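Chemist: For reference, this is data-v8.cif, and it has mmCIF, C-alpha atoms and all ligand atoms.
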```cif
data_structure
loop_
_atom_site.label_atom_id
_atom_site.label_comp_id
_atom_site.auth_asym_id
_atom_site.auth_seq_id
_atom_site.Cartn_x
_atom_site.Cartn_y
_atom_site.Cartn_z
CA MET N 66 -59.72 114.62 -8.69
CA ASN N 67 -56.55 116.69 -8.36
CA LYS N 68 -56.56 120.39 -7.39
CA ALA N 69 -55.58 121.69 -10.84
CA SER N 70 -58.78 120.40 -12.33
CA ILE N 71 -60.88 121.62 -9.45
CA LYS N 72 -59.61 125.23 -9.28
CA PRO N 73 -60.95 126.52 -12.62
CA LEU N 74 -64.32 125.03 -11.87
CA ALA N 75 -64.54 126.73 -8.53
CA VAL N 76 -63.53 130.04 -10.00
CA ALA N 77 -66.16 129.80 -12.63
CA MET N 78 -68.74 129.03 -10.07
CA LEU N 79 -67.68 132.00 -8.00
CA LEU N 80 -68.11 134.22 -11.01
CA GLY N 81 -71.54 133.05 -11.71
CA VAL N 82 -70.60 131.95 -15.01
CA THR N 83 -72.19 128.96 -16.40
CA PRO N 84 -69.54 126.50 -16.48
CA LEU N 85 -68.87 125.21 -19.78
CA THR N 86 -66.86 122.31 -20.34
CA ILE N 87 -63.71 122.10 -18.44
CA SER N 88 -61.78 122.67 -21.55
CA SER N 89 -63.79 125.82 -22.27
CA ALA N 90 -63.29 127.05 -18.70
CA TYR N 91 -59.58 126.82 -19.24
CA ALA N 92 -60.18 128.88 -22.33
CA VAL N 93 -62.10 131.58 -20.29
CA VAL N 94 -59.34 131.72 -17.69
CA ALA N 95 -56.79 132.22 -20.33
CA VAL N 96 -58.61 135.48 -21.29
CA ASP N 97 -57.95 138.49 -19.21
CA PRO N 98 -61.46 139.10 -17.63
CA ILE N 99 -63.32 142.42 -17.06
CA ILE N 100 -64.78 142.50 -13.64
CA ILE N 101 -67.95 144.57 -13.00
CA LYS N 102 -68.94 144.86 -9.39
CA GLY N 103 -72.78 144.51 -8.76
CA ASP N 104 -75.06 144.56 -5.75
CA LYS N 105 -74.76 142.18 -3.01
CA GLY N 106 -76.90 139.19 -3.66
CA ASP N 107 -78.92 137.16 -1.36
CA SER N 108 -77.35 134.58 0.81
CA GLY N 109 -76.80 131.49 -1.11
CA THR N 110 -78.09 128.23 -0.24
CA LYS N 111 -76.08 126.00 1.96
CA GLY N 112 -73.30 124.32 -0.02
CA ASP N 113 -72.61 120.77 -0.27
CA SER N 114 -70.54 118.99 2.37
CA GLY N 115 -66.83 119.52 2.02
CA LEU N 116 -64.36 117.04 1.02
CA LYS N 117 -63.12 114.41 3.57
CA GLY N 118 -60.18 115.56 5.63
CA ASP N 119 -56.70 114.10 5.75
CA SER N 120 -55.97 111.04 7.91
CA GLY N 121 -55.21 111.57 11.55
CA PHE N 122 -51.97 110.88 13.41
CA LYS N 123 -50.95 107.35 14.22
CA GLY N 124 -52.22 106.12 17.52
CA ASP N 125 -50.12 105.02 20.48
CA LYS N 126 -48.68 101.51 20.61
CA GLY N 127 -51.07 99.02 22.13
CA ASP N 128 -50.34 96.63 24.95
CA SER N 129 -48.63 93.41 24.19
CA GLY N 130 -51.14 90.72 23.52
CA ILE N 131 -50.86 86.94 23.47
CA GLY N 132 -51.60 85.64 20.03
CA LEU N 133 -53.45 82.54 19.30
CA THR N 134 -51.53 79.26 18.96
CA GLY N 135 -50.17 79.07 15.43
CA PRO N 136 -50.50 76.06 13.13
CA GLN N 137 -48.19 73.04 13.53
CA GLY N 138 -44.75 73.62 11.99
CA PRO N 139 -43.11 71.34 9.44
CA ALA N 140 -41.32 68.14 10.55
CA GLY N 141 -37.77 68.69 11.83
CA PRO N 142 -34.63 67.09 10.34
CA ALA N 143 -33.88 63.38 11.05
CA GLY N 144 -32.04 62.79 14.31
CA PRO N 145 -28.60 61.04 14.67
CA ILE N 146 -28.31 57.24 14.38
CA GLY N 147 -29.07 55.55 17.68
CA ALA N 148 -26.77 53.12 19.60
CA THR N 149 -26.42 49.53 18.37
CA GLY N 150 -29.03 47.28 19.91
CA PRO N 151 -28.25 43.94 21.72
CA ALA N 152 -27.47 40.81 19.66
CA GLY N 153 -30.46 38.81 18.59
CA PRO N 154 -31.06 35.15 19.57
CA THR N 155 -29.21 32.35 17.75
CA GLY N 156 -30.90 31.50 14.47
CA LEU N 157 -32.10 28.04 13.44
CA THR N 158 -29.60 25.49 12.12
CA GLY N 159 -29.16 25.94 8.40
CA ALA N 160 -29.46 23.22 5.78
CA THR N 161 -26.49 20.90 5.19
CA GLY N 162 -24.06 22.43 2.74
CA SER N 163 -22.73 20.75 -0.38
CA ILE N 164 -19.73 18.38 -0.23
CA GLY N 165 -16.46 20.29 -0.02
CA PRO N 166 -13.50 19.77 -2.38
CA MET N 167 -11.28 16.71 -1.99
CA GLY N 168 -8.48 17.17 0.56
CA PRO N 169 -4.74 16.91 -0.25
CA GLN N 170 -3.11 13.51 -0.61
CA GLY N 171 -2.05 11.93 2.69
CA PHE N 172 1.46 11.06 3.75
CA THR N 173 3.14 7.92 2.52
CA GLY N 174 2.40 5.01 4.83
CA ALA N 175 4.94 2.84 6.61
CA THR N 176 6.79 0.19 4.65
CA GLY N 177 4.79 -3.03 4.49
CA PRO N 178 6.08 -6.48 5.43
CA ALA N 179 8.39 -8.39 3.10
CA GLY N 180 6.64 -10.37 0.39
CA THR N 181 6.86 -14.08 -0.09
CA ASN N 182 9.76 -15.62 -1.92
CA GLY N 183 9.49 -15.70 -5.67
CA VAL N 184 9.64 -18.82 -7.75
CA ASP N 185 13.04 -20.36 -8.57
CA GLY N 186 14.70 -18.91 -11.61
CA ALA N 187 15.60 -20.82 -14.73
CA THR N 188 18.54 -23.16 -14.71
CA GLY N 189 21.75 -21.34 -15.48
CA PRO N 190 24.29 -22.39 -18.10
CA ALA N 191 26.55 -25.35 -17.44
CA GLY N 192 29.76 -24.47 -15.64
CA PRO N 193 33.27 -25.38 -16.82
CA ALA N 194 34.52 -28.92 -16.50
CA GLY N 195 35.77 -29.70 -13.00
CA SER N 196 39.11 -31.20 -12.04
CA THR N 197 39.63 -34.89 -12.11
CA GLY N 198 37.77 -36.57 -9.26
CA PRO N 199 39.06 -39.10 -6.76
CA ALA N 200 39.52 -42.73 -7.62
CA GLY N 201 36.31 -44.54 -8.39
CA ALA N 202 34.66 -47.25 -6.34
CA LYS N 203 35.53 -50.83 -6.50
CA GLY N 204 34.27 -52.41 -9.69
CA ASP N 205 31.30 -54.70 -10.03
CA THR N 206 31.49 -58.28 -9.22
CA GLY N 207 32.71 -60.27 -12.19
CA ALA N 208 30.52 -62.46 -14.35
CA VAL N 209 29.53 -65.82 -13.12
CA GLY N 210 31.95 -68.45 -14.24
CA PRO N 211 31.04 -71.49 -16.25
CA ALA N 212 29.24 -74.29 -14.58
CA GLY N 213 31.41 -76.92 -13.10
CA PRO N 214 31.24 -80.58 -13.88
CA ALA N 215 28.35 -82.54 -12.56
CA GLY N 216 28.89 -83.80 -9.10
CA SER N 217 28.65 -87.30 -8.02
CA GLY N 218 26.29 -86.60 -5.12
CA SER N 219 22.55 -86.97 -5.17
CA SER N 220 21.68 -83.42 -3.87
CA PHE N 221 22.95 -79.72 -3.87
CA SER N 222 22.42 -76.67 -1.66
CA TYR N 223 20.29 -73.79 -2.98
CA SER N 224 21.48 -70.30 -1.89
CA MET N 225 18.89 -67.58 -1.34
CA THR N 226 21.65 -65.03 -1.64
CA CYS N 227 21.31 -63.28 -4.97
CA GLY N 228 24.28 -63.06 -7.21
CA ALA N 229 26.12 -65.72 -5.28
CA ASN N 230 27.26 -68.59 -7.41
CA GLY N 231 24.75 -67.53 -10.05
CA THR N 232 22.03 -69.40 -8.35
CA SER N 233 19.44 -66.58 -8.41
CA ALA N 234 18.99 -63.05 -9.67
CA CYS N 235 18.79 -60.21 -7.18
CA LYS N 236 15.38 -58.73 -6.49
CA ILE N 237 14.23 -56.00 -4.17
CA GLY N 238 13.96 -57.31 -0.64
CA THR N 239 16.26 -60.29 -1.16
CA LYS N 240 19.56 -60.78 0.62
CA GLY N 241 22.50 -59.32 -1.26
CA PRO N 242 25.99 -60.78 -1.68
CA GLY N 243 27.34 -58.25 0.82
CA GLY N 244 25.12 -59.59 3.56
CA GLY N 245 22.52 -56.78 3.38
CA TRP N 246 19.26 -56.27 1.47
CA ILE N 247 18.67 -55.31 -2.17
CA PHE N 248 16.55 -52.14 -2.33
CA PHE N 249 17.06 -51.05 -5.95
CA VAL N 250 17.37 -52.90 -9.24
CA ASP N 251 18.47 -51.04 -12.37
CA TYR N 252 15.95 -52.79 -14.57
CA ASN N 253 16.26 -50.27 -17.38
CA ASP N 254 20.03 -49.96 -17.05
CA GLN N 255 19.85 -46.25 -16.36
CA PHE N 256 23.09 -46.41 -14.41
CA SER N 257 26.20 -47.65 -16.18
CA GLY N 258 28.25 -48.19 -13.02
CA PHE N 259 25.98 -50.69 -11.27
CA ASP N 260 22.85 -52.77 -11.51
CA TYR N 261 21.91 -53.14 -7.85
CA LEU N 262 21.98 -51.18 -4.62
CA GLU N 263 22.33 -53.11 -1.39
CA ALA N 264 21.74 -51.71 2.10
CA ALA N 265 24.13 -52.77 4.81
CA PRO N 266 22.64 -55.31 7.24
CA ASP N 267 22.93 -53.03 10.28
CA ASN N 268 23.41 -49.46 11.49
CA ILE N 269 26.62 -47.60 12.01
CA SER N 270 26.84 -44.91 14.65
CA SER N 271 28.35 -41.58 13.72
CA PRO N 272 29.09 -38.61 16.01
CA SER N 273 28.60 -36.09 13.22
CA TRP N 274 27.97 -35.70 9.49
CA CYS N 275 31.48 -34.26 9.14
CA ASN N 276 34.05 -33.08 11.67
CA ASN N 277 34.13 -29.85 9.63
CA SER N 278 30.58 -28.73 10.30
CA SER N 279 30.80 -25.12 9.10
CA SER N 280 32.05 -25.31 5.49
CA SER N 281 30.29 -26.20 2.25
CA ILE N 282 31.70 -29.15 0.35
CA TYR N 283 30.03 -28.04 -2.85
CA SER N 284 31.17 -24.46 -3.21
CA PRO N 285 30.63 -21.70 -3.90
CA GLY N 286 26.89 -22.35 -4.35
CA LEU N 287 24.77 -24.97 -6.00
CA THR N 288 22.28 -24.33 -8.80
CA VAL N 289 18.92 -26.05 -8.64
CA SER N 290 20.02 -28.80 -10.99
CA GLU N 291 23.21 -29.30 -9.03
CA TYR N 292 21.23 -29.62 -5.88
CA TRP N 293 19.18 -32.38 -7.43
CA ALA N 294 22.33 -33.96 -8.74
CA ILE N 295 23.65 -34.58 -5.26
CA ARG N 296 20.28 -35.78 -3.99
CA GLY N 297 19.34 -38.29 -6.65
CA VAL N 298 19.66 -42.06 -6.86
CA GLY N 299 23.14 -43.15 -7.93
CA LYS N 300 24.87 -40.10 -6.36
CA GLY N 301 25.82 -41.60 -2.99
CA ARG N 302 29.21 -42.88 -4.08
CA ALA N 303 30.34 -39.52 -5.60
CA ASN N 304 28.99 -37.61 -2.60
CA THR N 305 30.86 -39.88 -0.22
CA ASN N 306 34.11 -39.49 -2.14
CA ALA N 307 33.74 -35.69 -1.96
CA MET N 308 33.06 -35.89 1.77
CA LEU N 309 36.09 -38.09 2.34
CA LEU N 310 38.27 -35.36 0.82
CA ALA N 311 36.79 -32.72 3.14
CA CYS N 312 36.20 -34.70 6.35
CA SER N 313 38.67 -36.61 8.45
CA SER N 314 35.81 -38.13 10.44
CA GLY N 315 32.05 -38.28 10.17
CA ALA N 316 29.24 -40.22 8.53
CA ALA N 317 31.03 -40.79 5.21
CA ASN N 318 34.17 -41.97 6.97
CA GLN N 319 32.12 -44.38 9.08
CA ALA N 320 30.35 -45.84 6.05
CA ASN N 321 33.59 -46.09 4.08
CA SER N 322 35.30 -48.07 6.81
CA TYR N 323 32.39 -50.47 7.26
CA SER N 324 32.77 -54.11 6.21
CA THR N 325 30.97 -57.46 6.44
CA ALA N 326 32.02 -61.03 6.19
CA THR N 327 31.93 -60.88 2.42
CA THR N 328 32.99 -57.24 1.90
CA VAL N 329 35.89 -55.00 2.87
CA ALA N 330 36.39 -51.34 3.84
CA GLY N 331 35.78 -49.15 0.80
CA ASP N 332 32.90 -51.30 -0.48
CA TRP N 333 30.26 -49.19 1.28
CA PHE N 334 29.32 -45.55 1.04
CA LEU N 335 26.92 -43.05 2.61
CA PRO N 336 23.67 -43.02 0.53
CA SER N 337 22.25 -39.90 -1.10
CA ILE N 338 18.86 -38.68 0.17
CA GLY N 339 17.23 -40.22 -2.92
CA GLU N 340 18.81 -43.61 -2.18
CA LEU N 341 17.77 -43.29 1.47
CA MET N 342 14.18 -42.69 0.32
CA LEU N 343 14.24 -45.89 -1.76
CA MET N 344 15.70 -47.77 1.18
CA HIS N 345 12.83 -46.52 3.33
CA THR N 346 10.19 -47.38 0.74
CA ASN N 347 11.43 -50.77 -0.37
CA LEU N 348 12.80 -52.16 2.87
CA LEU N 349 11.42 -50.45 5.97
CA GLN N 350 7.88 -50.24 4.62
CA ALA N 351 8.14 -53.92 3.66
CA GLY N 352 9.06 -54.68 7.24
CA ILE N 353 12.66 -55.71 6.62
CA GLY N 354 16.09 -54.15 7.08
CA GLY N 355 16.36 -53.82 10.85
CA PHE N 356 16.13 -50.01 10.86
CA THR N 357 15.78 -48.06 14.08
CA ASN N 358 12.93 -45.65 14.63
CA GLU N 359 14.82 -42.40 14.08
CA GLY N 360 16.53 -40.29 11.43
CA TYR N 361 19.39 -41.35 9.16
CA TYR N 362 22.04 -39.14 7.66
CA SER N 363 22.35 -38.91 3.88
CA SER N 364 25.39 -37.76 1.92
CA SER N 365 23.38 -34.90 0.35
CA GLU N 366 24.63 -31.62 1.72
CA ASP N 367 22.14 -28.75 2.14
CA THR N 368 24.10 -25.81 3.57
CA ALA N 369 27.49 -25.16 5.08
CA THR N 370 26.18 -26.38 8.41
CA ALA N 371 23.32 -28.80 7.63
CA ALA N 372 22.60 -31.93 5.60
CA TRP N 373 19.53 -33.79 4.34
CA TYR N 374 18.32 -36.71 6.42
CA PHE N 375 15.37 -39.09 6.44
CA ALA N 376 13.26 -39.26 9.59
CA PHE N 377 12.22 -42.91 9.48
CA ASN N 378 9.99 -42.34 12.49
CA TYR N 379 8.02 -39.68 10.58
CA ASN N 380 8.39 -41.15 7.08
CA VAL N 381 9.62 -37.87 5.63
CA THR N 382 12.82 -36.22 4.51
CA TYR N 383 14.27 -33.08 6.05
CA SER N 384 16.99 -30.81 4.81
CA ASN N 385 18.19 -29.17 7.94
CA TYR N 386 19.85 -31.59 10.30
CA ALA N 387 23.03 -30.05 11.70
CA LYS N 388 26.29 -31.49 10.44
CA SER N 389 27.56 -31.32 14.00
CA GLY N 390 24.74 -33.54 15.29
CA GLY N 391 24.79 -37.30 15.61
CA LEU N 392 22.54 -39.63 13.59
CA PRO N 393 22.72 -43.29 12.65
CA VAL N 394 24.18 -44.23 9.28
CA ARG N 395 23.21 -47.11 7.01
CA GLY N 396 25.86 -47.88 4.42
CA VAL N 397 25.04 -48.76 0.83
CA ARG N 398 26.89 -50.86 -1.68
CA ALA N 399 26.53 -50.68 -5.46
CA PHE N 400 27.40 -53.61 -7.73
CA CA D 501 23.24 -50.52 -14.82
#
```
Let me see the file written as structure tokens.

Modeler:
Amino acid sequence: MNKASIKPLAVAMLLGVTPLTISSAYAVVAVDPIIIKGDKGDSGTKGDSGLKGDSGFKGDKGDSGIGLTGPQGPAGPAGPIGATGPAGPTGLTGATGSIGPMGPQGFTGATGPAGTNGVDGATGPAGPAGSTGPAGAKGDTGAVGPAGPAGSGSSFSYSMTCGANGTSACKIGTKGPGGGWIFFVDYNDQFSGFDYLEAAPDNISSPSWCNNSSSSIYSPGLTVSEYWAIRGVGKGRANTNAMLLACSSGAANQANSYSTATTVAGDWFLPSIGELMLMHTNLLQAGIGGFTNEGYYSSSEDTATAAWYFAFNYNVTYSNYAKSGGLPVRGVRAF
């Protein structure tokens, strides 16, 4: 209750006026009153207790006290990262990985050894005709003459020498008219220049195949067929003639100068390797011929420095006996 609303009420009470409503009191106040002073009245009864007084002054500041422990504060911010710890122990061996990619190609290896020789090539074309050769060998023995008149005697001598006096035909292994042994008969007449080959009855010694032991007689080089041509049967005479043109001494010269009681120098020649093989087969292996147990020169040249020969002691031919060496020679005669 503020003072403005209290004042009119108190005034009315002091005046002994029956308070009306507050609004009517304000209406009484607003009228200019007429005060009539009466006798003093009796003492009034004790009034009600007064209103509560204003608040007092603020007291002095108290002593400092120690408060109770407050509640736990919130969690602080995260601290800085700590130092790196020590390395851990080695882990277990892992599983085998997959196969890696193929590596680069390796370096080229060293050159391998030389291969074996290839097969001989085909025979080449025939060469041009050669120059005219040396004079040929002495011709065959003439035909047997007619039989003479019958003798008056009672008996006649029978010669075992073939071709002599027409008394018998020559066969392999028989004595020939030159004093040696027949070792080839041209039964099929394959050779126009002769029908028989006869080996000389004994050996001839020769210091070399040819005094020129470093040059090829058949130059510049022989084809395969030409090689066989100078090795075959029937080639000894031509080979010897070629050697005589190139050699002033040697096996061909020795054979060419050989003679017997019934033959002269020039009748005999140095056999080809093919003829020497027949001589070995048909005479030595039959146990005849008087050959020595060693090699014999042939007239078949192999290289500039070597010639073919037949090793009678080993029953085989060889191509590489040095021309400068010394081997026996057995002459041959064709007729
Ligand atoms: Ca013939």

Chemist: For ligand CA 501 (chain D), which residue among N:Gly391, N:Gly299, N:Gly339, N:Gly315 is the nearest when counting only C-alpha atoms and all ligand atoms?

Modeler: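 Once distances to ligand CA 501 (chain D) are computed over only C-alpha atoms and all ligand atoms, the minimum belongs to N:Gly299.
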
Chemist: Got a sec to check which residues lie within 9 Å of ligand CA 501 (chain D), using only C-alpha atoms and all ligand atoms, and send them as a PDB file with C-alpha atoms, keeping the file's coordinate frame?

Modeler:
```pdb
ATOM      1  CA  VAL N 250      17.370 -52.900  -9.240  1.00  0.00           C
ATOM      2  CA  ASP N 251      18.470 -51.040 -12.370  1.00  0.00           C
ATOM      3  CA  TYR N 252      15.950 -52.790 -14.570  1.00  0.00           C
ATOM      4  CA  ASN N 253      16.260 -50.270 -17.380  1.00  0.00           C
ATOM      5  CA  ASP N 254      20.030 -49.960 -17.050  1.00  0.00           C
ATOM      6  CA  GLN N 255      19.850 -46.250 -16.360  1.00  0.00           C
ATOM      7  CA  PHE N 256      23.090 -46.410 -14.410  1.00  0.00           C
ATOM      8  CA  SER N 257      26.200 -47.650 -16.180  1.00  0.00           C
ATOM      9  CA  GLY N 258      28.250 -48.190 -13.020  1.00  0.00           C
ATOM     10  CA  PHE N 259      25.980 -50.690 -11.270  1.00  0.00           C
ATOM     11  CA  ASP N 260      22.850 -52.770 -11.510  1.00  0.00           C
ATOM     12  CA  TYR N 261      21.910 -53.140  -7.850  1.00  0.00           C
ATOM     13  CA  PHE N 400      27.400 -53.610  -7.730  1.00  0.00           C
TER      14      PHE N 400
END
```

Chemist: Kindly indicate which residue among N:Gly153, N:Gly238, N:Gly141, N:Pro136 lies nearest to N:Met344, using all atoms listed in the file for the distances.

Modeler: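 Among N:Gly153, N:Gly238, N:Gly141, N:Pro136, it is N:Gly238 that comes nearest to N:Met344.
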
Chemist: Within 8 Å of N:Leu262, counting only C-alpha atoms, which residues qualify if same-chain residues fewer than 5 places away don't, as a PyMOL selection string?

Modeler: chain N and resi 247-250+397-400

Chemist: So what do you get for atom CA of N:Arg395 versus atom CA of N:Ala234, distance-wise?

Modeler: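 Answer for the atom CA of N:Arg395 to atom CA of N:Ala234 separation: 23.5 Å.
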
Chemist: Provide stretch 139-171 of chain N rebuilt to N, CA and C atoms, formatted as a PDB file, keeping the file's coordinate frame.

Modeler:
```pdb
ATOM      1  N   PRO N 139     -43.523  72.528  10.268  1.00  0.00           N
ATOM      2  CA  PRO N 139     -43.110  71.340   9.440  1.00  0.00           C
ATOM      3  C   PRO N 139     -42.255  70.378  10.285  1.00  0.00           C
ATOM      4  N   ALA N 140     -42.121  69.157   9.844  1.00  0.00           N
ATOM      5  CA  ALA N 140     -41.320  68.140  10.550  1.00  0.00           C
ATOM      6  C   ALA N 140     -39.862  68.553  10.591  1.00  0.00           C
ATOM      7  N   GLY N 141     -39.196  68.380  11.697  1.00  0.00           N
ATOM      8  CA  GLY N 141     -37.770  68.690  11.830  1.00  0.00           C
ATOM      9  C   GLY N 141     -36.876  67.711  11.085  1.00  0.00           C
ATOM     10  N   PRO N 142     -35.573  68.016  11.030  1.00  0.00           N
ATOM     11  CA  PRO N 142     -34.630  67.090  10.340  1.00  0.00           C
ATOM     12  C   PRO N 142     -34.497  65.783  11.130  1.00  0.00           C
ATOM     13  N   ALA N 143     -34.052  64.718  10.419  1.00  0.00           N
ATOM     14  CA  ALA N 143     -33.880  63.380  11.050  1.00  0.00           C
ATOM     15  C   ALA N 143     -32.816  63.441  12.109  1.00  0.00           C
ATOM     16  N   GLY N 144     -33.014  62.801  13.229  1.00  0.00           N
ATOM     17  CA  GLY N 144     -32.040  62.790  14.310  1.00  0.00           C
ATOM     18  C   GLY N 144     -30.836  61.893  14.015  1.00  0.00           C
ATOM     19  N   PRO N 145     -29.796  61.901  14.883  1.00  0.00           N
ATOM     20  CA  PRO N 145     -28.600  61.040  14.670  1.00  0.00           C
ATOM     21  C   PRO N 145     -28.956  59.568  14.851  1.00  0.00           C
ATOM     22  N   ILE N 146     -28.097  58.706  14.290  1.00  0.00           N
ATOM     23  CA  ILE N 146     -28.310  57.240  14.380  1.00  0.00           C
ATOM     24  C   ILE N 146     -28.187  56.819  15.828  1.00  0.00           C
ATOM     25  N   GLY N 147     -29.088  55.990  16.299  1.00  0.00           N
ATOM     26  CA  GLY N 147     -29.070  55.550  17.680  1.00  0.00           C
ATOM     27  C   GLY N 147     -27.982  54.491  17.944  1.00  0.00           C
ATOM     28  N   ALA N 148     -27.785  54.130  19.228  1.00  0.00           N
ATOM     29  CA  ALA N 148     -26.770  53.120  19.600  1.00  0.00           C
ATOM     30  C   ALA N 148     -27.166  51.746  19.082  1.00  0.00           C
ATOM     31  N   THR N 149     -26.165  50.890  18.859  1.00  0.00           N
ATOM     32  CA  THR N 149     -26.420  49.530  18.370  1.00  0.00           C
ATOM     33  C   THR N 149     -27.190  48.729  19.409  1.00  0.00           C
ATOM     34  N   GLY N 150     -28.213  48.046  18.997  1.00  0.00           N
ATOM     35  CA  GLY N 150     -29.030  47.280  19.910  1.00  0.00           C
ATOM     36  C   GLY N 150     -28.345  45.978  20.312  1.00  0.00           C
ATOM     37  N   PRO N 151     -28.853  45.213  21.276  1.00  0.00           N
ATOM     38  CA  PRO N 151     -28.250  43.940  21.720  1.00  0.00           C
ATOM     39  C   PRO N 151     -28.372  42.886  20.622  1.00  0.00           C
ATOM     40  N   ALA N 152     -27.459  41.893  20.659  1.00  0.00           N
ATOM     41  CA  ALA N 152     -27.470  40.810  19.660  1.00  0.00           C
ATOM     42  C   ALA N 152     -28.753  40.037  19.751  1.00  0.00           C
ATOM     43  N   GLY N 153     -29.223  39.579  18.622  1.00  0.00           N
ATOM     44  CA  GLY N 153     -30.460  38.810  18.590  1.00  0.00           C
ATOM     45  C   GLY N 153     -30.205  37.365  18.992  1.00  0.00           C
ATOM     46  N   PRO N 154     -31.217  36.568  19.187  1.00  0.00           N
ATOM     47  CA  PRO N 154     -31.060  35.150  19.570  1.00  0.00           C
ATOM     48  C   PRO N 154     -30.443  34.354  18.411  1.00  0.00           C
ATOM     49  N   THR N 155     -29.826  33.221  18.758  1.00  0.00           N
ATOM     50  CA  THR N 155     -29.210  32.350  17.750  1.00  0.00           C
ATOM     51  C   THR N 155     -30.281  31.877  16.771  1.00  0.00           C
ATOM     52  N   GLY N 156     -29.931  31.915  15.489  1.00  0.00           N
ATOM     53  CA  GLY N 156     -30.900  31.500  14.470  1.00  0.00           C
ATOM     54  C   GLY N 156     -31.015  29.978  14.396  1.00  0.00           C
ATOM     55  N   LEU N 157     -31.902  29.476  13.622  1.00  0.00           N
ATOM     56  CA  LEU N 157     -32.100  28.040  13.440  1.00  0.00           C
ATOM     57  C   LEU N 157     -30.938  27.445  12.653  1.00  0.00           C
ATOM     58  N   THR N 158     -30.667  26.179  12.864  1.00  0.00           N
ATOM     59  CA  THR N 158     -29.600  25.490  12.120  1.00  0.00           C
ATOM     60  C   THR N 158     -29.933  25.495  10.636  1.00  0.00           C
ATOM     61  N   GLY N 159     -28.933  25.874   9.845  1.00  0.00           N
ATOM     62  CA  GLY N 159     -29.160  25.940   8.400  1.00  0.00           C
ATOM     63  C   GLY N 159     -29.132  24.559   7.757  1.00  0.00           C
ATOM     64  N   ALA N 160     -29.452  24.492   6.519  1.00  0.00           N
ATOM     65  CA  ALA N 160     -29.460  23.220   5.780  1.00  0.00           C
ATOM     66  C   ALA N 160     -28.023  22.739   5.546  1.00  0.00           C
ATOM     67  N   THR N 161     -27.835  21.480   5.426  1.00  0.00           N
ATOM     68  CA  THR N 161     -26.490  20.900   5.190  1.00  0.00           C
ATOM     69  C   THR N 161     -25.940  21.441   3.878  1.00  0.00           C
ATOM     70  N   GLY N 162     -24.688  21.867   3.940  1.00  0.00           N
ATOM     71  CA  GLY N 162     -24.060  22.430   2.740  1.00  0.00           C
ATOM     72  C   GLY N 162     -23.631  21.338   1.761  1.00  0.00           C
ATOM     73  N   SER N 163     -23.177  21.734   0.620  1.00  0.00           N
ATOM     74  CA  SER N 163     -22.730  20.750  -0.380  1.00  0.00           C
ATOM     75  C   SER N 163     -21.367  20.182   0.024  1.00  0.00           C
ATOM     76  N   ILE N 164     -21.006  19.059  -0.550  1.00  0.00           N
ATOM     77  CA  ILE N 164     -19.730  18.380  -0.230  1.00  0.00           C
ATOM     78  C   ILE N 164     -18.576  19.279  -0.646  1.00  0.00           C
ATOM     79  N   GLY N 165     -17.610  19.438   0.260  1.00  0.00           N
ATOM     80  CA  GLY N 165     -16.460  20.290  -0.020  1.00  0.00           C
ATOM     81  C   GLY N 165     -15.504  19.626  -1.008  1.00  0.00           C
ATOM     82  N   PRO N 166     -14.474  20.335  -1.426  1.00  0.00           N
ATOM     83  CA  PRO N 166     -13.500  19.770  -2.380  1.00  0.00           C
ATOM     84  C   PRO N 166     -12.671  18.687  -1.722  1.00  0.00           C
ATOM     85  N   MET N 167     -12.116  17.795  -2.506  1.00  0.00           N
ATOM     86  CA  MET N 167     -11.280  16.710  -1.990  1.00  0.00           C
ATOM     87  C   MET N 167     -10.045  17.286  -1.313  1.00  0.00           C
ATOM     88  N   GLY N 168      -9.652  16.694  -0.168  1.00  0.00           N
ATOM     89  CA  GLY N 168      -8.480  17.170   0.560  1.00  0.00           C
ATOM     90  C   GLY N 168      -7.183  16.760  -0.132  1.00  0.00           C
ATOM     91  N   PRO N 169      -6.037  17.250   0.363  1.00  0.00           N
ATOM     92  CA  PRO N 169      -4.740  16.910  -0.250  1.00  0.00           C
ATOM     93  C   PRO N 169      -4.380  15.447   0.007  1.00  0.00           C
ATOM     94  N   GLN N 170      -3.527  14.909  -0.772  1.00  0.00           N
ATOM     95  CA  GLN N 170      -3.110  13.510  -0.610  1.00  0.00           C
ATOM     96  C   GLN N 170      -2.412  13.330   0.718  1.00  0.00           C
ATOM     97  N   GLY N 171      -2.646  12.186   1.381  1.00  0.00           N
ATOM     98  CA  GLY N 171      -2.050  11.930   2.690  1.00  0.00           C
ATOM     99  C   GLY N 171      -0.573  11.570   2.574  1.00  0.00           C
TER     100      GLY N 171
END
```
